[in-house]
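So this one's work.txt, compact mmCIF, C-alpha atoms and all ligand atoms:
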```txt
# COMPACT_ATOMS: atom_id res chain seq x y z
CA MET A 23 0.00 0.00 0.00
CA SER A 24 2.70 2.44 1.00
CA GLN A 25 5.39 1.13 -1.34
CA GLY A 26 7.37 3.94 -2.89
CA LYS A 27 5.94 6.44 -0.46
CA ASN A 28 9.01 7.31 1.57
CA LEU A 29 8.21 10.78 2.85
CA VAL A 30 6.31 11.86 5.94
CA ILE A 31 5.15 15.35 6.91
CA ALA A 32 5.40 16.16 10.62
CA LEU A 33 3.91 19.00 12.61
CA ASP A 34 4.50 20.00 16.22
CA LEU A 35 1.90 22.45 17.53
CA GLY A 36 3.00 23.81 20.91
CA GLY A 37 1.59 26.59 23.04
CA THR A 38 3.92 29.26 21.66
CA GLN A 39 5.15 28.03 18.27
CA PHE A 40 4.47 25.56 15.51
CA ARG A 41 7.09 23.56 13.64
CA VAL A 42 6.73 21.63 10.41
CA ALA A 43 9.17 19.15 8.91
CA LEU A 44 9.57 16.77 6.02
CA ALA A 45 11.11 13.45 7.02
CA ASN A 46 12.08 10.21 5.33
CA ASP A 47 11.11 6.79 6.64
CA ARG A 48 14.36 6.54 8.63
CA GLY A 49 13.33 9.52 10.75
CA GLU A 50 15.75 11.96 9.16
CA LEU A 51 14.32 15.47 9.09
CA LEU A 52 15.12 16.65 5.55
CA ARG A 53 13.48 20.06 5.80
CA ARG A 54 12.17 22.00 8.75
CA TYR A 55 10.53 25.30 9.53
CA ALA A 56 9.42 26.97 12.78
CA GLU A 57 7.27 30.01 13.46
CA PRO A 58 6.01 31.63 16.67
CA ILE A 59 2.25 31.70 17.21
CA ASN A 60 1.67 35.45 17.38
CA SER A 61 -2.11 35.33 17.70
CA PRO A 62 -3.03 32.31 19.85
CA ASP A 63 -6.63 33.56 20.07
CA GLU A 64 -7.09 33.34 16.29
CA PRO A 65 -6.78 29.69 15.26
CA GLN A 66 -7.80 30.40 11.64
CA ARG A 67 -4.89 32.79 11.22
CA THR A 68 -2.32 30.30 12.55
CA LEU A 69 -3.86 27.48 10.50
CA GLY A 70 -3.46 29.72 7.45
CA ARG A 71 0.21 30.34 8.30
CA MET A 72 0.66 26.56 8.60
CA ARG A 73 -0.94 26.03 5.20
CA ASP A 74 1.54 28.51 3.70
CA ALA A 75 4.43 26.72 5.44
CA PHE A 76 3.27 23.33 4.09
CA ASN A 77 2.91 24.72 0.56
CA GLU A 78 6.39 26.23 0.63
CA MET A 79 8.01 23.10 2.09
CA LEU A 80 6.26 20.80 -0.39
CA ALA A 81 6.44 23.02 -3.49
CA ASP A 82 8.73 20.65 -5.41
CA ILE A 83 7.47 17.43 -3.80
CA ASP A 84 5.18 14.98 -5.58
CA ARG A 85 2.35 14.28 -3.10
CA ALA A 86 2.34 10.68 -4.34
CA GLU A 87 5.66 10.32 -2.48
CA VAL A 88 4.05 11.31 0.83
CA ARG A 89 2.63 8.65 3.14
CA GLY A 90 0.80 11.10 5.32
CA MET A 91 1.11 13.74 7.99
CA GLY A 92 1.53 13.22 11.71
CA ALA A 93 0.76 16.02 14.13
CA ALA A 94 1.94 16.31 17.73
CA VAL A 95 -0.31 18.75 19.55
CA ALA A 96 0.04 20.17 23.07
CA GLY A 97 -3.50 19.41 24.10
CA LEU A 98 -6.16 16.80 24.51
CA ILE A 99 -6.98 15.10 21.23
CA LYS A 100 -9.99 12.87 20.61
CA PRO A 101 -8.32 9.75 19.16
CA SER A 102 -11.01 8.71 16.65
CA SER A 103 -11.75 12.10 15.10
CA GLY A 104 -8.50 14.06 15.53
CA VAL A 105 -10.43 16.94 17.14
CA LEU A 106 -8.49 19.15 19.57
CA LEU A 107 -10.78 19.12 22.61
CA THR A 108 -8.78 21.49 24.78
CA SER A 109 -5.29 22.93 25.18
CA PRO A 110 -4.05 24.91 28.20
CA ASN A 111 -2.14 27.43 26.05
CA LEU A 112 -4.49 27.53 23.05
CA LEU A 113 -7.86 28.00 24.73
CA ALA A 114 -9.46 29.53 21.62
CA TRP A 115 -8.72 26.30 19.70
CA TYR A 116 -11.37 24.45 21.71
CA ASN A 117 -13.11 21.79 19.55
CA THR A 118 -11.06 22.48 16.39
CA PRO A 119 -11.31 19.55 13.90
CA LEU A 120 -7.57 19.53 13.16
CA LYS A 121 -7.48 16.23 11.26
CA ASP A 122 -10.24 17.32 8.86
CA ILE A 123 -8.68 20.76 8.31
CA TRP A 124 -5.20 19.39 7.59
CA GLU A 125 -6.48 16.58 5.36
CA ARG A 126 -8.29 19.20 3.27
CA ASP A 127 -5.21 21.48 3.18
CA LEU A 128 -2.67 18.75 2.40
CA GLN A 129 -4.65 16.12 0.48
CA VAL A 130 -2.84 13.33 2.38
CA PRO A 131 -3.99 11.16 5.31
CA VAL A 132 -3.46 12.85 8.69
CA TRP A 133 -3.08 11.44 12.22
CA VAL A 134 -3.17 13.71 15.27
CA CYS A 135 -2.10 12.89 18.84
CA ASN A 136 -0.97 14.50 22.07
CA ASP A 137 2.68 15.62 21.92
CA ALA A 138 3.89 13.92 25.12
CA ASN A 139 2.21 10.66 24.08
CA LEU A 140 3.94 10.90 20.70
CA ALA A 141 7.32 11.67 22.27
CA ALA A 142 7.11 8.19 23.83
CA LEU A 143 6.57 6.69 20.38
CA GLY A 144 9.42 8.78 18.94
CA GLU A 145 11.88 7.72 21.64
CA ARG A 146 10.85 4.12 21.08
CA ARG A 147 11.41 4.17 17.33
CA PHE A 148 14.28 6.62 16.91
CA GLY A 149 15.67 7.52 20.35
CA ALA A 150 16.61 6.13 23.76
CA GLY A 151 14.13 3.25 23.57
CA LYS A 152 15.00 1.82 20.15
CA GLY A 153 13.71 -1.72 19.88
CA ALA A 154 11.88 -1.76 23.24
CA SER A 155 8.36 -3.13 23.07
CA ASP A 156 7.21 -1.73 26.43
CA LEU A 157 8.34 1.71 27.49
CA VAL A 158 7.22 4.53 29.76
CA TYR A 159 8.24 8.09 28.87
CA LEU A 160 8.07 11.11 31.16
CA THR A 161 8.76 14.71 30.19
CA VAL A 162 9.65 16.82 33.21
CA SER A 163 9.65 20.58 32.61
CA THR A 164 7.17 23.26 33.77
CA GLY A 165 4.70 20.41 34.15
CA ILE A 166 4.98 16.65 33.78
CA GLY A 167 3.58 14.81 30.77
CA GLY A 168 4.13 11.35 29.49
CA GLY A 169 3.39 8.48 27.22
CA VAL A 170 3.16 4.72 27.47
CA VAL A 171 4.03 2.21 24.74
CA ILE A 172 2.72 -1.31 25.35
CA GLY A 173 3.58 -4.13 22.96
CA GLY A 174 4.77 -1.48 20.50
CA SER A 175 1.49 0.45 20.55
CA LEU A 176 0.72 3.78 22.12
CA LEU A 177 -1.78 3.83 24.97
CA VAL A 178 -4.16 6.77 24.38
CA GLY A 179 -7.24 5.70 26.34
CA SER A 180 -10.89 5.73 25.28
CA ALA A 181 -11.15 9.51 24.98
CA GLY A 182 -7.52 10.60 24.72
CA PHE A 183 -6.89 11.01 28.46
CA GLY A 184 -4.59 7.96 28.62
CA ALA A 185 -1.13 8.31 30.14
CA GLU A 186 -1.67 11.60 31.97
CA LEU A 187 1.26 10.42 34.07
CA GLY A 188 1.89 13.80 35.70
CA HIS A 189 -1.49 13.63 37.42
CA MET A 190 -0.89 10.43 39.32
CA THR A 191 -1.36 11.19 43.04
CA ILE A 192 1.77 10.43 45.03
CA ASP A 193 0.79 12.29 48.25
CA LEU A 194 -2.86 12.17 49.27
CA ASN A 195 -2.35 15.21 51.49
CA GLY A 196 -0.09 17.04 49.06
CA PRO A 197 -0.38 20.52 47.54
CA LYS A 198 -3.19 21.40 45.13
CA CYS A 199 -2.48 20.76 41.46
CA ASN A 200 -3.68 22.79 38.45
CA CYS A 201 -5.79 19.80 37.40
CA GLY A 202 -8.00 20.08 40.51
CA ASN A 203 -6.55 17.07 42.32
CA VAL A 204 -3.98 17.23 45.14
CA GLY A 205 -0.51 15.74 45.52
CA CYS A 206 -0.02 14.94 41.83
CA LEU A 207 3.43 13.96 40.59
CA GLU A 208 3.45 17.23 38.61
CA VAL A 209 2.97 19.41 41.68
CA LEU A 210 5.75 17.58 43.60
CA ALA A 211 8.43 16.85 41.00
CA SER A 212 8.14 19.26 38.03
CA GLY A 213 10.33 22.28 37.32
CA THR A 214 7.64 24.44 38.90
CA ALA A 215 7.83 22.24 42.02
CA ILE A 216 11.64 22.51 42.16
CA ALA A 217 11.44 26.32 42.08
CA ARG A 218 8.62 26.36 44.67
CA LEU A 219 10.47 24.02 47.07
CA ALA A 220 13.56 26.26 46.90
CA VAL A 221 11.56 29.45 47.40
CA GLU A 222 9.72 28.01 50.42
CA ARG A 223 13.00 27.25 52.18
CA ILE A 224 14.69 30.54 51.27
CA ALA A 225 11.60 32.44 52.47
CA ARG A 226 11.95 30.62 55.82
CA GLY A 227 15.44 32.06 56.12
CA ASP A 228 17.61 29.19 54.85
CA ALA A 229 20.76 30.35 53.04
CA SER A 230 21.30 29.52 49.39
CA ALA A 231 23.23 30.90 46.44
CA VAL A 232 19.93 30.66 44.53
CA ALA A 233 18.84 33.86 46.32
CA ASP A 234 21.90 35.82 45.10
CA HIS A 235 21.38 38.51 42.45
CA LEU A 236 17.57 38.42 42.75
CA ASP A 237 17.21 41.66 44.79
CA GLY A 238 14.92 39.76 47.13
CA ASP A 239 12.42 38.91 44.37
CA LEU A 240 11.98 35.18 44.91
CA SER A 241 9.37 34.97 42.13
CA LYS A 242 12.33 35.00 39.72
CA VAL A 243 13.61 31.63 40.95
CA THR A 244 13.55 28.93 38.26
CA ALA A 245 14.26 25.21 38.31
CA GLU A 246 17.26 25.88 36.06
CA MET A 247 18.75 28.25 38.69
CA VAL A 248 18.25 25.63 41.39
CA ALA A 249 19.85 22.90 39.24
CA GLN A 250 22.82 25.16 38.43
CA ALA A 251 23.34 26.07 42.09
CA ALA A 252 23.10 22.37 43.00
CA ALA A 253 25.72 21.53 40.38
CA SER A 254 27.98 24.16 41.98
CA GLY A 255 27.59 22.50 45.38
CA ASP A 256 24.93 24.68 47.01
CA ALA A 257 23.59 22.57 49.89
CA LEU A 258 19.97 23.80 49.85
CA ALA A 259 19.73 23.44 46.07
CA ARG A 260 21.11 19.90 46.25
CA GLU A 261 18.54 19.00 48.92
CA VAL A 262 15.72 20.43 46.81
CA MET A 263 16.85 18.47 43.73
CA ASP A 264 17.03 15.36 45.91
CA VAL A 265 13.47 15.89 47.21
CA ALA A 266 12.08 16.46 43.69
CA GLY A 267 14.04 13.49 42.31
CA THR A 268 12.82 11.29 45.16
CA ASN A 269 9.22 12.35 44.46
CA LEU A 270 9.74 11.58 40.78
CA GLY A 271 11.19 8.20 41.72
CA VAL A 272 8.09 7.37 43.77
CA GLY A 273 5.97 8.02 40.69
CA VAL A 274 8.31 6.01 38.48
CA VAL A 275 8.09 3.01 40.86
CA SER A 276 4.29 3.00 40.52
CA LEU A 277 4.56 3.20 36.73
CA ILE A 278 7.00 0.27 36.76
CA HIS A 279 4.57 -1.78 38.85
CA ILE A 280 1.63 -0.94 36.58
CA PHE A 281 3.23 -1.36 33.15
CA ASN A 282 6.35 -3.52 33.68
CA PRO A 283 8.30 -1.56 31.03
CA GLU A 284 11.78 -2.50 29.87
CA LEU A 285 12.71 1.16 29.98
CA VAL A 286 11.66 4.35 31.69
CA VAL A 287 12.80 7.28 29.54
CA ILE A 288 12.92 10.74 31.12
CA GLY A 289 13.13 13.91 29.00
CA GLY A 290 12.12 17.55 29.27
CA GLY A 291 14.11 20.56 30.50
CA CYS A 292 14.64 19.22 34.03
CA SER A 293 16.28 16.03 32.71
CA LYS A 294 19.24 18.22 31.71
CA ALA A 295 20.13 18.31 35.44
CA GLY A 296 21.52 14.80 34.84
CA ASP A 297 22.56 12.84 37.92
CA LEU A 298 21.12 15.48 40.24
CA LEU A 299 17.71 14.20 39.11
CA PHE A 300 18.46 10.69 37.84
CA GLY A 301 20.49 9.79 40.97
CA PRO A 302 17.57 9.99 43.42
CA VAL A 303 15.14 8.50 40.85
CA ARG A 304 17.35 5.44 40.37
CA ARG A 305 17.94 5.14 44.13
CA VAL A 306 14.20 5.08 44.85
CA VAL A 307 13.60 2.62 42.00
CA ALA A 308 16.31 0.30 43.40
CA GLU A 309 14.88 0.56 46.92
CA ARG A 310 11.18 0.23 46.20
CA THR A 311 10.63 -1.79 43.04
CA MET A 312 9.58 -5.42 43.57
CA PRO A 313 12.50 -7.82 43.50
CA ASP A 314 13.09 -9.61 40.18
CA ILE A 315 11.76 -6.70 38.12
CA GLU A 316 14.40 -5.55 35.67
CA VAL A 317 14.14 -2.02 34.34
CA SER A 318 16.44 0.80 33.28
CA VAL A 319 15.85 4.52 33.83
CA VAL A 320 17.53 6.46 31.03
CA PRO A 321 17.62 10.03 29.67
CA ALA A 322 15.64 10.82 26.51
CA ALA A 323 17.67 11.14 23.31
CA LEU A 324 15.56 13.24 20.94
CA GLY A 325 15.43 16.57 22.81
CA ASP A 326 13.16 19.19 21.23
CA ASP A 327 12.54 16.97 18.19
CA SER A 328 10.73 14.28 20.19
CA GLY A 329 7.27 15.51 19.12
CA LEU A 330 8.17 15.79 15.42
CA LEU A 331 9.85 12.37 15.38
CA GLY A 332 6.98 10.85 17.35
CA ALA A 333 4.62 12.20 14.69
CA VAL A 334 6.80 10.58 12.00
CA ALA A 335 6.78 7.28 13.93
CA MET A 336 2.97 7.40 14.20
CA VAL A 337 2.54 7.78 10.42
CA LEU A 338 5.04 4.98 9.70
CA GLU A 339 3.19 2.67 12.08
CA GLU A 340 -0.30 3.57 10.88
CA THR A 341 0.68 3.03 7.23
CA SER A 342 2.53 -0.25 7.71
CA ARG A 343 -0.39 -2.14 9.23
ZN ZN B 401 -2.74 17.10 38.73
```
Render the structure in this file as structure tokens.
Ligand SMILES: [Zn+2]
Amino acid sequence: MSQGKNLVIALDLGGTQFRVALANDRGELLRRYAEPINSPDEPQRTLGRMRDAFNEMLADIDRAEVRGMGAAVAGLIKPSSGVLLTSPNLLAWYNTPLKDIWERDLQVPVWVCNDANLAALGERRFGAGKGASDLVYLTVSTGIGGGVVIGGSLLVGSAGFGAELGHMTIDLNGPKCNCGNVGCLEVLASGTAIARLAVERIARGDASAVADHLDGDLSKVTAEMVAQAAASGDALAREVMDVAGTNLGVGVVSLIHIFNPELVVIGGGCSKAGDLLFGPVRRVVAERTMPDIEVSVVPAALGDDSGLLGAVAMVLEETSR
């Protein structure tokens, strides 16, 4: 069916920018283009800019060479219809039938999925999880998202809510989360949590280099500052990274017990802290996982391209069935 069709179009629609790419079936991005979303409240305008970007990128490409388009979207996607139900940063895009719009614009088959879910698929096909059949992926940055691959297939759930791994409760009396629940992994182990944990202790009077050069404005503290101070040996920052990493590890242990993955892959901005984060995660996994379970916790390999490459992987899998 797809013989001779070696090209895939990929799109990554985030809260602040969109990126389009043309890839081959080995996951090599042959062409790419990125543009900020200047008017998030006007979906039609951004969709028009995307159409222009597609036309320019594909001007000399025979559409018969294209298998389809995969789109990684930062939002909740209805799996069957490819409708964007809701997105925290693109509120005006509520109920936009993305699959139908892009199929009309591009005249190729289109598949749409949540970006963190797709990053799991991308890491499994092209990144840190190459060849694994069962894999759990977590992206730890401002929030925590994730994806689960079981027997080579992505778990999306009946209505697209599958694998909301950041909203697993790990402390039933914990702080309130943006999702309405309390004590979620996201509110105890994300970048936002790292900054908050540091600020709470500095506000109590504990000394830390994190507070230097802020003129007393603790709202400027970021997870990156805390990680940098920890790397330089700052005791409070190291303790905060250890607390967040331990919390993350507790979540990872539950995911290991639920899914029995070969690999847990951790990406996102906070994963750049390296051993400061992975150290406590691996310690908790070693201490608390059932004996006889074998699993590795590894850093993601695809960086910012995980959504695009996950979208490519989705098209390759959908068209090879
Ligand atoms: Zn939550």
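If you measure from each of A:Lys100, A:Arg85, A:Lys198, A:Lys294 to ligand ZN 401 (chain B) using all atoms listed in the file, the closest one turns out to be A:Lys198.
Each residue with an atom within 10 Å of any atom of ligand ZN 401 (chain B) appears in the list, which was built counting only C-alpha atoms and all ligand atoms: Gly165, Ile166, Glu186, Leu187, Gly188, His189, Met190, Thr191, Pro197, Lys198, Cys199, Asn200, Cys201, Gly202, Asn203, Val204, Gly205, Cys206, Leu207, Glu208, Val209 and Leu210 of chain A.
Note that the spacing between atom CA of Val286 of chain A and atom CA of Leu160 of chain A amounts to 7.7 Å.
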Requested in this report: May I ask which of the residues A:Asn46, A:Asn269, A:Ser102, A:Ser254 is the closest one to Asp193 of chain A, counting only C-alpha atoms?
Outcome: A:Asn269
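Pairwise distance (atom CA of Ile278 of chain A, atom CA of Pro321 of chain A) equals 16.1 Å.
Among the candidate residues A:Glu145, A:Pro62, A:Ser175, A:Gly70, the one lying nearest to Ser109 of chain A is A:Pro62, with distances computed using only C-alpha atoms.
With distances taken over all atoms listed in the file, A:Gly144 is the one residue among A:Gly291, A:Gly90, A:Gly144, A:Pro65 lying closest to Arg48 of chain A.
Proximity of A:Thr268, A:Thr341, A:Ser328, A:Asn282 to Glu316 of chain A, computed with all atoms listed in the file, is greatest for A:Asn282.
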Segment 129-153 of chain A near segment 116-125 of chain A within 8 Å: what's each residue's closest atom pair and its distance in Å to one decimal, counting only C-alpha atoms, ordered by chain then ascending residue number, as a Markdown table?
```
| residue | atom | partner | partner_atom | distance |
| --- | --- | --- | --- | --- |
| A:Gln129 | CA | A:Glu125 | CA | 5.2 |
| A:Val130 | CA | A:Glu125 | CA | 5.7 |
| A:Pro131 | CA | A:Glu125 | CA | 6.0 |
| A:Val132 | CA | A:Glu125 | CA | 5.8 |
| A:Trp133 | CA | A:Lys121 | CA | 6.6 |
| A:Val134 | CA | A:Lys121 | CA | 6.4 |
```
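The nearest approach to Leu69 of chain A among the residues A:Ser293, A:Thr311, A:Ser155, A:Gln39, with all atoms listed in the file taken into account, belongs to A:Gln39.
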Query raised in the report: Quick one: residues within 7 Å of Asn139 of chain A, all atoms listed in the file counted, chain neighbours fewer than 3 positions away excluded, as a PyMOL selection string?
Result: chain A and resi 136+142-143+168-170
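Reported to one decimal place, the separation of atom CA of Val30 of chain A from atom CA of Val88 of chain A is 5.6 Å.
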**Report entry** Selection near Gly92 of chain A, 9 Å with all atoms listed in the file, sequence-local residues under 4 positions removed, as a PyMOL selection string
**Finding:** chain A and resi 30-34+131-135+330+332-337
Query - Exercise: Lys242 of chain A partners within 12 Å, all atoms listed in the file, chain neighbours under 6 positions left out, as a ChimeraX atom specification - result: /A:214,217-218,220-221,232-236,248
So for segment 56-61 of chain A, what box centre and size do we get, axis-aligned, 3 Å extra on each of the six sides, every listed atom, Å to one decimal, as JSON?
```
{"center_x": 3.7, "center_y": 31.2, "center_z": 15.2, "size_x": 17.5, "size_y": 14.5, "size_z": 10.9}
```
Requested in this report: Determine, counting only C-alpha atoms, every residue of protein, DNA or RNA that lies within 12 Å of (4.2, 14.5, -3.8) in the file coordinates, then give the result as a PyMOL selection string.
Outcome: chain A and resi 26-31+44+76-77+79-90+128-130
